[in-house]
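To be precise, the following lines are target.cif, and they hold mmCIF, C-alpha atoms.
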data_run
loop_
_atom_site.label_atom_id
_atom_site.label_comp_id
_atom_site.auth_asym_id
_atom_site.auth_seq_id
_atom_site.Cartn_x
_atom_site.Cartn_y
_atom_site.Cartn_z
CA MET A 1 84.63 17.93 65.05
CA ASP A 2 86.40 19.51 67.99
CA GLY A 3 89.52 18.01 69.49
CA PRO A 4 89.36 15.24 72.07
CA ARG A 5 89.97 17.79 74.80
CA ASP A 6 86.60 19.32 74.23
CA ALA A 7 84.46 19.15 77.35
CA GLU A 8 81.60 17.77 75.30
CA GLY A 9 83.36 14.43 74.94
CA VAL A 10 79.88 13.02 74.57
CA THR A 11 79.92 13.81 70.91
CA ALA A 12 83.10 11.91 70.36
CA SER A 13 82.08 8.72 72.12
CA GLU A 14 78.70 8.78 70.49
CA GLU A 15 80.11 8.81 67.03
CA LEU A 16 82.71 6.20 67.73
CA SER A 17 80.48 3.43 68.86
CA VAL A 18 78.39 2.50 65.88
CA GLU A 19 79.03 -1.21 66.34
CA ALA A 20 76.99 -1.28 69.52
CA ALA A 21 73.82 -0.02 67.89
CA PRO A 22 70.74 -2.17 68.50
CA SER A 23 68.38 -2.84 65.62
CA SER A 24 65.69 -0.43 66.65
CA SER A 25 63.56 1.21 64.05
CA GLU A 26 63.03 4.31 66.12
CA THR A 27 66.20 6.09 65.28
CA GLU A 28 66.03 8.65 68.01
CA ILE A 29 65.82 6.09 70.76
CA ALA A 30 68.32 3.89 68.97
CA ARG A 31 70.77 6.78 68.98
CA HIS A 32 70.45 7.23 72.72
CA VAL A 33 70.77 3.55 73.41
CA ASP A 34 73.77 3.50 71.15
CA PHE A 35 75.27 6.34 73.11
CA CYS A 36 74.49 4.61 76.38
CA ASN A 37 76.11 1.39 75.26
CA SER A 38 79.23 3.18 74.26
CA VAL A 39 79.57 4.80 77.65
CA THR A 40 78.90 1.56 79.46
CA ALA A 41 81.43 -0.24 77.32
CA ASN A 42 84.07 2.35 78.08
CA GLY A 43 85.11 1.03 81.45
CA ALA A 44 85.58 -2.60 80.44
CA ASP A 45 87.40 -2.21 77.14
CA ALA A 46 88.08 1.24 75.86
CA THR A 47 87.32 1.07 72.19
CA THR A 48 89.89 3.50 70.88
CA ALA A 49 93.00 5.27 71.98
CA GLU A 50 91.25 8.53 71.43
CA GLU A 51 88.73 7.76 74.14
CA ASP A 52 91.50 6.83 76.51
CA ASP A 53 92.91 10.26 75.87
CA ILE A 54 89.71 11.89 77.00
CA TRP A 55 89.76 10.14 80.33
CA ASP A 56 93.51 10.69 80.81
CA ASP A 57 93.32 14.36 80.02
CA ALA A 58 90.24 14.84 82.11
CA SER A 59 91.74 13.21 85.18
CA ASP A 60 94.96 15.20 84.84
CA SER A 61 93.29 18.51 84.40
CA PRO A 62 92.06 20.64 87.31
CA GLY A 63 88.60 20.76 85.81
CA HIS A 64 88.16 16.98 86.12
CA ALA A 65 85.30 16.97 88.58
CA SER A 66 83.31 19.66 86.88
CA THR A 67 83.73 18.00 83.51
CA LEU A 68 82.33 14.78 84.87
CA ASP A 69 79.59 16.67 86.61
CA ARG A 70 78.64 18.38 83.46
CA GLU A 71 78.60 15.16 81.55
CA TRP A 72 76.64 13.51 84.32
CA ILE A 73 74.03 16.23 84.24
CA HIS A 74 73.89 16.07 80.50
CA ARG A 75 73.42 12.34 80.48
CA LYS A 76 70.95 12.47 83.32
CA ASN A 77 68.82 14.93 81.40
CA GLN A 78 68.96 12.76 78.33
CA PHE A 79 68.25 9.47 80.05
CA HIS A 80 65.57 10.74 82.32
CA LYS A 81 63.66 11.59 79.22
CA VAL A 82 64.55 8.55 77.18
CA TYR A 83 64.31 5.67 79.62
CA PRO A 84 60.85 6.36 81.00
CA ARG A 85 59.71 6.81 77.43
CA MET A 86 61.22 3.51 76.33
CA GLY A 87 59.71 1.83 79.34
CA TYR A 88 56.36 3.42 78.67
CA ARG A 89 56.39 2.28 75.09
CA ASP A 90 57.22 -1.30 76.02
CA GLY A 91 54.78 -1.23 78.90
CA ILE A 92 51.80 0.05 76.94
CA THR A 93 52.27 -2.62 74.30
CA GLU A 94 52.46 -5.37 76.91
CA GLY A 95 49.51 -3.97 78.81
CA GLN A 96 47.35 -3.81 75.70
CA GLN A 97 48.24 -7.36 74.76
CA ASP A 98 47.43 -8.60 78.22
CA SER A 99 44.00 -6.99 78.41
CA ALA A 100 42.70 -7.03 74.83
CA GLN A 101 41.22 -10.53 75.01
CA GLU A 102 39.56 -9.81 78.34
CA GLY A 103 38.01 -6.65 76.90
CA PHE A 104 36.92 -8.53 73.80
CA ASN A 105 35.15 -11.14 75.91
CA VAL A 106 33.39 -8.45 77.94
CA GLY A 107 32.15 -6.69 74.81
CA PHE A 108 31.21 -9.91 73.07
CA ARG A 109 29.09 -11.13 75.97
CA GLN A 110 27.49 -7.72 76.27
CA SER A 111 26.25 -7.69 72.69
CA VAL A 112 25.81 -11.28 71.60
CA ASN A 113 22.37 -11.82 73.10
CA PHE A 114 20.98 -8.59 71.74
CA GLY A 115 22.31 -9.48 68.31
CA TYR A 116 20.92 -12.99 68.59
CA LYS A 117 17.43 -11.75 69.39
CA TRP A 118 17.47 -9.31 66.55
CA GLY A 119 18.68 -12.13 64.31
CA LEU A 120 15.70 -14.23 65.41
CA VAL A 121 13.37 -11.46 64.28
CA ARG A 122 15.13 -11.35 60.94
CA GLY A 123 15.07 -15.11 60.53
CA VAL A 124 11.45 -15.64 61.54
CA THR A 125 10.09 -12.89 59.32
CA SER A 126 12.18 -13.65 56.27
CA SER A 127 11.95 -17.43 56.34
CA ALA A 128 8.24 -17.44 57.09
CA LEU A 129 7.71 -15.40 53.98
CA ALA A 130 10.46 -16.16 51.58
CA SER A 131 11.12 -19.83 51.99
CA LEU A 132 7.65 -21.32 52.15
CA PRO A 133 5.31 -22.07 49.27
CA ASP A 134 2.00 -20.23 49.47
CA SER A 135 0.03 -23.34 50.39
CA LEU A 136 2.24 -23.97 53.38
CA LYS A 137 2.21 -20.32 54.34
CA GLU A 138 -1.57 -20.43 54.46
CA LYS A 139 -1.54 -23.49 56.65
CA LEU A 140 0.95 -21.95 59.03
CA VAL A 141 -0.74 -18.55 59.15
CA PRO A 142 -4.37 -19.18 58.23
CA ASP A 143 -5.51 -15.62 58.87
CA ALA A 144 -5.01 -13.41 55.83
CA GLN A 145 -4.71 -10.30 57.94
CA CYS A 146 -1.92 -11.90 59.94
CA ARG A 147 -0.11 -12.80 56.76
CA ARG A 148 -0.32 -9.14 55.70
CA LYS A 149 1.04 -8.05 59.05
CA PHE A 150 3.90 -10.48 58.64
CA LEU A 151 4.62 -8.89 55.32
CA ASP A 152 4.66 -5.43 56.93
CA VAL A 153 7.05 -6.44 59.70
CA HIS A 154 9.18 -8.28 57.18
CA SER A 155 9.57 -5.28 54.91
CA SER A 156 10.34 -3.00 57.88
CA VAL A 157 13.00 -5.43 59.03
CA GLN A 158 14.45 -5.75 55.55
CA LYS A 159 14.93 -1.99 55.41
CA ILE A 160 17.41 -2.26 58.26
CA SER A 161 20.66 -3.66 56.94
CA ALA A 162 23.00 -5.61 59.16
CA ASP A 163 25.27 -2.57 59.29
CA ASP A 164 22.34 -0.32 60.25
CA ALA A 165 21.38 -2.68 63.03
CA LEU A 166 24.93 -2.77 64.32
CA GLN A 167 25.08 1.01 64.20
CA MET A 168 21.80 1.34 66.10
CA PHE A 169 22.95 -1.11 68.69
CA HIS A 170 26.28 0.65 69.06
CA GLU A 171 24.64 4.03 69.54
CA SER A 172 22.38 2.64 72.20
CA ILE A 173 25.42 1.21 74.01
CA CYS A 174 27.30 4.50 73.80
CA GLU A 175 24.44 6.57 75.16
CA ASN A 176 23.31 4.14 77.74
CA ASN A 177 26.00 2.89 80.05
CA HIS A 178 23.49 0.69 81.81
CA PRO A 179 22.33 -1.69 79.10
CA SER A 180 20.28 -3.68 81.58
CA GLU A 181 18.13 -0.61 82.21
CA GLU A 182 14.53 -0.66 81.07
CA PRO A 183 14.79 -0.21 77.29
CA HIS A 184 11.74 1.99 76.77
CA VAL A 185 12.77 4.76 79.10
CA PRO A 186 11.99 7.89 77.10
CA SER A 187 15.14 9.50 75.84
CA THR A 188 15.73 12.73 74.01
CA ALA A 189 18.74 11.35 72.19
CA GLY A 190 18.22 10.31 68.59
CA GLY A 191 20.34 7.19 68.80
CA ALA A 192 18.22 5.70 71.53
CA THR A 193 15.18 6.15 69.33
CA GLU A 194 17.02 4.38 66.54
CA SER A 195 17.86 1.40 68.69
CA ASN A 196 14.27 1.38 69.89
CA ARG A 197 13.33 0.71 66.31
CA LEU A 198 14.95 -2.70 66.63
CA LYS A 199 13.10 -3.26 69.86
CA SER A 200 9.74 -2.03 68.61
CA LEU A 201 9.98 -4.29 65.57
CA SER A 202 10.79 -7.18 67.88
CA LYS A 203 7.70 -6.32 69.90
CA ASP A 204 5.58 -6.09 66.78
CA LEU A 205 6.66 -9.58 65.89
CA VAL A 206 6.00 -10.89 69.39
CA LEU A 207 2.45 -9.53 69.22
CA LEU A 208 2.01 -11.01 65.77
CA LEU A 209 3.25 -14.40 66.89
CA HIS A 210 0.59 -14.41 69.60
CA GLU A 211 -1.95 -14.40 66.78
CA CYS A 212 -0.14 -17.20 64.98
CA PRO A 213 0.16 -19.98 67.56
CA ASP A 214 1.36 -22.46 64.98
CA ILE A 215 4.66 -20.68 64.63
CA LYS A 216 6.51 -21.74 67.71
CA VAL A 217 9.41 -19.60 68.80
CA SER A 218 10.50 -21.03 72.12
CA GLU A 219 12.61 -18.07 73.12
CA GLU A 220 12.09 -14.53 74.26
CA LEU A 221 12.31 -12.27 71.25
CA ALA A 222 12.53 -8.90 72.95
CA MET B 223 96.26 5.70 86.17
CA ASP B 224 95.63 2.38 87.90
CA GLN B 225 92.60 3.91 89.49
CA GLN B 226 91.00 4.72 86.18
CA PRO B 227 88.82 1.61 85.64
CA GLN B 228 87.64 1.87 89.24
CA ASN B 229 86.62 5.47 88.68
CA ASP B 230 84.69 4.48 85.59
CA ALA B 231 82.79 1.79 87.42
CA ASP B 232 81.83 4.15 90.22
CA PHE B 233 80.81 6.71 87.73
CA LEU B 234 78.66 4.39 85.66
CA GLU B 235 76.96 2.25 88.24
CA PRO B 236 74.46 4.79 89.58
CA SER B 237 73.74 5.78 86.02
CA VAL B 238 72.85 2.22 85.03
CA LEU B 239 70.70 1.83 88.10
CA LEU B 240 68.94 5.10 87.37
CA ASP B 241 68.38 4.03 83.80
CA GLU B 242 66.81 0.82 85.01
CA THR B 243 64.70 2.62 87.59
CA HIS B 244 63.44 5.14 85.09
CA TYR B 245 62.76 2.44 82.55
CA GLN B 246 60.76 0.49 85.11
CA GLU B 247 58.88 3.60 86.14
CA GLY B 248 57.94 4.31 82.54
CA TYR B 249 57.11 0.67 81.97
CA LYS B 250 54.77 0.61 84.93
CA ASN B 251 52.94 3.72 83.74
CA GLY B 252 52.79 2.39 80.21
CA TYR B 253 51.58 -1.01 81.31
CA ASP B 254 48.76 0.47 83.38
CA ASP B 255 47.68 2.72 80.52
CA GLY B 256 47.99 -0.21 78.13
CA LEU B 257 45.80 -2.37 80.32
CA SER B 258 42.95 0.10 80.28
CA SER B 259 43.25 1.20 76.66
CA GLY B 260 43.72 -2.38 75.48
CA LYS B 261 40.69 -3.51 77.39
CA GLU B 262 38.54 -0.73 75.96
CA GLU B 263 39.75 -1.36 72.42
CA GLY B 264 39.12 -5.05 72.86
CA ARG B 265 35.67 -4.33 74.23
CA GLN B 266 34.75 -2.26 71.19
CA VAL B 267 35.83 -5.04 68.85
CA GLY B 268 34.00 -7.57 71.01
CA LEU B 269 30.80 -5.52 70.98
CA LYS B 270 30.82 -5.49 67.21
CA MET B 271 31.74 -9.14 66.78
CA GLY B 272 29.25 -10.26 69.40
CA PHE B 273 26.39 -8.44 67.75
CA GLN B 274 27.29 -9.76 64.30
CA VAL B 275 27.79 -13.35 65.38
CA GLY B 276 24.64 -13.21 67.49
CA GLU B 277 22.60 -11.75 64.65
CA GLU B 278 23.75 -14.32 62.14
CA LEU B 279 23.14 -17.23 64.48
CA GLY B 280 19.77 -15.81 65.54
CA PHE B 281 18.83 -15.51 61.89
CA TYR B 282 19.46 -19.22 61.30
CA GLN B 283 17.62 -20.15 64.47
CA GLY B 284 14.67 -17.96 63.44
CA CYS B 285 14.48 -19.76 60.11
CA LEU B 286 14.65 -23.08 61.93
CA TYR B 287 11.71 -22.14 64.15
CA VAL B 288 9.54 -21.47 61.13
CA TRP B 289 10.62 -24.58 59.24
CA MET B 290 10.11 -26.77 62.27
CA SER B 291 6.71 -25.21 62.86
CA ALA B 292 5.81 -25.97 59.27
CA THR B 293 6.95 -29.57 59.71
CA ARG B 294 4.77 -29.89 62.80
CA ILE B 295 1.72 -28.76 60.86
CA ASP B 296 2.45 -30.72 57.74
CA GLN B 297 4.65 -33.79 57.99
CA ASN B 298 5.27 -33.64 54.28
CA ALA B 299 6.03 -29.96 54.12
CA PHE B 300 9.61 -30.81 53.20
CA SER B 301 11.31 -33.79 51.64
CA ALA B 302 13.04 -36.29 53.90
CA ARG B 303 16.42 -34.95 52.82
CA VAL B 304 15.50 -31.39 53.70
CA ARG B 305 14.06 -32.50 57.04
CA LYS B 306 17.32 -34.26 57.82
CA ASN B 307 19.29 -31.16 56.89
CA ILE B 308 17.03 -29.02 59.07
CA GLU B 309 17.64 -31.32 62.03
CA GLN B 310 21.37 -31.19 61.44
CA LEU B 311 21.34 -27.42 61.17
CA ALA B 312 19.36 -27.21 64.42
CA ALA B 313 21.97 -29.34 66.16
CA LEU B 314 24.83 -27.23 64.80
CA VAL B 315 23.21 -23.94 65.81
CA SER B 316 22.32 -25.10 69.30
CA ASN B 317 25.86 -26.36 69.85
CA TYR B 318 27.46 -23.11 68.80
CA PRO B 319 29.46 -21.81 71.79
CA LEU B 320 27.87 -18.37 71.89
CA SER B 321 29.06 -17.55 75.37
CA ASP B 322 32.59 -18.71 74.77
CA PRO B 323 34.21 -16.30 72.32
CA GLU B 324 37.64 -17.79 72.96
CA ASN B 325 36.62 -21.21 71.69
CA GLU B 326 38.82 -22.02 68.72
CA GLN B 327 36.11 -24.05 67.00
CA VAL B 328 33.76 -21.10 66.41
CA GLN B 329 34.95 -20.38 62.89
CA ASP B 330 34.64 -23.99 61.80
CA VAL B 331 31.22 -24.40 63.33
CA MET B 332 29.98 -21.20 61.68
CA GLU B 333 31.26 -22.41 58.30
CA LYS B 334 29.41 -25.71 58.72
CA ILE B 335 26.25 -23.84 59.67
CA ARG B 336 26.47 -21.64 56.59
CA LEU B 337 26.99 -24.61 54.30
CA LYS B 338 24.12 -26.52 55.82
CA PHE B 339 21.85 -23.49 55.59
CA ARG B 340 22.76 -23.03 51.96
CA ALA B 341 22.06 -26.69 51.25
CA ILE B 342 18.58 -26.32 52.72
CA THR B 343 17.67 -23.14 50.88
CA ALA B 344 19.01 -24.60 47.65
CA SER B 345 16.80 -27.69 48.13
CA LEU B 346 13.82 -25.47 48.85
CA GLY B 347 14.59 -23.50 45.74
CA VAL B 348 14.51 -20.17 47.54
CA ARG B 349 16.96 -17.33 47.72
CA LEU B 350 17.34 -16.73 51.39
CA GLU B 351 20.47 -15.65 53.11
CA TYR B 352 21.78 -13.78 56.04
CA GLU B 353 22.74 -10.48 54.46
CA GLY B 354 25.33 -9.53 57.04
CA ARG B 355 27.59 -12.37 56.03
CA PRO B 356 31.19 -11.52 55.19
CA ALA B 357 31.59 -10.44 51.58
CA SER B 358 33.90 -13.33 50.69
CA SER B 359 31.31 -16.01 51.33
CA LYS B 360 28.73 -14.10 49.31
CA GLN B 361 30.85 -14.40 46.21
CA ASP B 362 29.34 -17.74 45.13
CA ASP B 363 25.82 -16.43 45.35
CA VAL B 364 26.62 -13.50 43.13
CA GLU B 365 27.93 -15.91 40.51
CA ASP B 366 24.76 -17.96 40.78
CA LEU B 367 22.73 -14.97 39.71
#
Please express the file's structure as structure tokens.
Amino acid sequence: MDGPRDAEGVTASEELSVEAAPSSSETEIARHVDFCNSVTANGADATTAEEDDIWDDASDSPGHASTLDREWIHRKNQFHKVYPRMGYRDGITEGQQDSAQEGFNVGFRQSVNFGYKWGLVRGVTSSALASLPDSLKEKLVPDAQCRRKFLDVHSSVQKISADDALQMFHESICENNHPSEEPHVPSTAGGATESNRLKSLSKDLVLLLHECPDIKVSEELA
Amino acid sequence: MDQQPQNDADFLEPSVLLDETHYQEGYKNGYDDGLSSGKEEGRQVGLKMGFQVGEELGFYQGCLYVWMSATRIDQNAFSARVRKNIEQLAALVSNYPLSDPENEQVQDVMEKIRLKFRAITASLGVRLEYEGRPASSKQDDVEDL
């Protein structure tokens, strides 16, 4: 280390003020804060005699002003980079915390009804088939052809896993920023076709339910 | 020499103010960016959750429609116990706060719905489940096999 007379007194004060270090994990920023604290603390209670020497010598010497200027410029350059960055870091965290729930609610409300309707399709087709004994199935859907159609829709629906359905829905959201738009607008994009698969299956079921008046679904399916 | 502390104060004050100003400037920029990125991230999570919750609830409601239709056609389609469970499940599903994602009860209500649904399918002696359910709650079924 150079003597205390060195114009870059910064180095000296920085190394002498370890006790003021905050417990930041980001060492680079911590180092600058540390350095800042040491300088701020200087005026009130000079920590060591050596630091006093710096100020004494500097004020006695003819180069006093320029030394301070140089240090000022040096510190300014450092701080102008560090402080906005620290502020930015704190700010972005706060901002994200403050808006995450709002965003979640927006997304949730945007997708929940679509998911619900698709779930209805899943529930109606699988429970009508899987959970009823044959005798009851025949009472509920007397027409054999209708029962076969139910089976077809059911197996098509079963081929789409919950993850697939989510993926299809997500793609349709990404490509179409206006989800309220008419869903069967022809689109060249593959994803839209995929999400239309959910909708076309829903429509198949709606048509099928018209033929099976005993199964009452008192909600819009598609 | 007596002037020294005074000099220090003069020297440091603008620096501290500048530090504060620059911090605030950065904070403001960060906060604005955080607001928009946080909202978008939250929206993406919400889109996924909303679809999943909606699909699961719709699945149960779809099953209910069919069971209730069957009951209408044939009073004795299900035992009295199953009919009671179906009614209770219907009440639980219709009370689920679908449009209120911040409701703290949602998890509890969904758990009750799942249990009730499982009770019904077990009584009916059928294997029927919502396949998108979280893996943890599927564990029991796997053991049943």
Residues of chain A near chain B: apply a cut-off of 7 Å, count only C-alpha atoms, and supply the list as a PyMOL selection string. chain A and resi 40+43+79-80+83-124+127-128+130-131+140+162+166+214-217
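We find CA of Gln297 (chain B) and CA of Phe150 (chain A) to be spaced 23.3 Å apart.
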Report the distance between CA of Lys81 (chain A) and CA of Ala65 (chain A) in Å, rounded to one decimal place.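 Straight-line distance from CA of Lys81 (chain A) to CA of Ala65 (chain A) works out to 24.2 Å.
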As a check of understanding: the span from CA of Ala341 (chain B) to CA of Leu221 (chain A) is 26.5 Å
Shortest contact to Lys306 (chain B), candidates B:Asp330, B:Asn325, B:Ser345, B:Tyr318, atoms counted all atoms listed in the file, goes to B:Ser345
Take the point (18.4, -24.6, 57.2) in the file's coordinates, draw a sphere of radius 6 Å around it, and report as a ChimeraX atom specification every protein, DNA or RNA residue with an atom inside or on it, counting all atoms listed in the file. /B:308,311,339,342
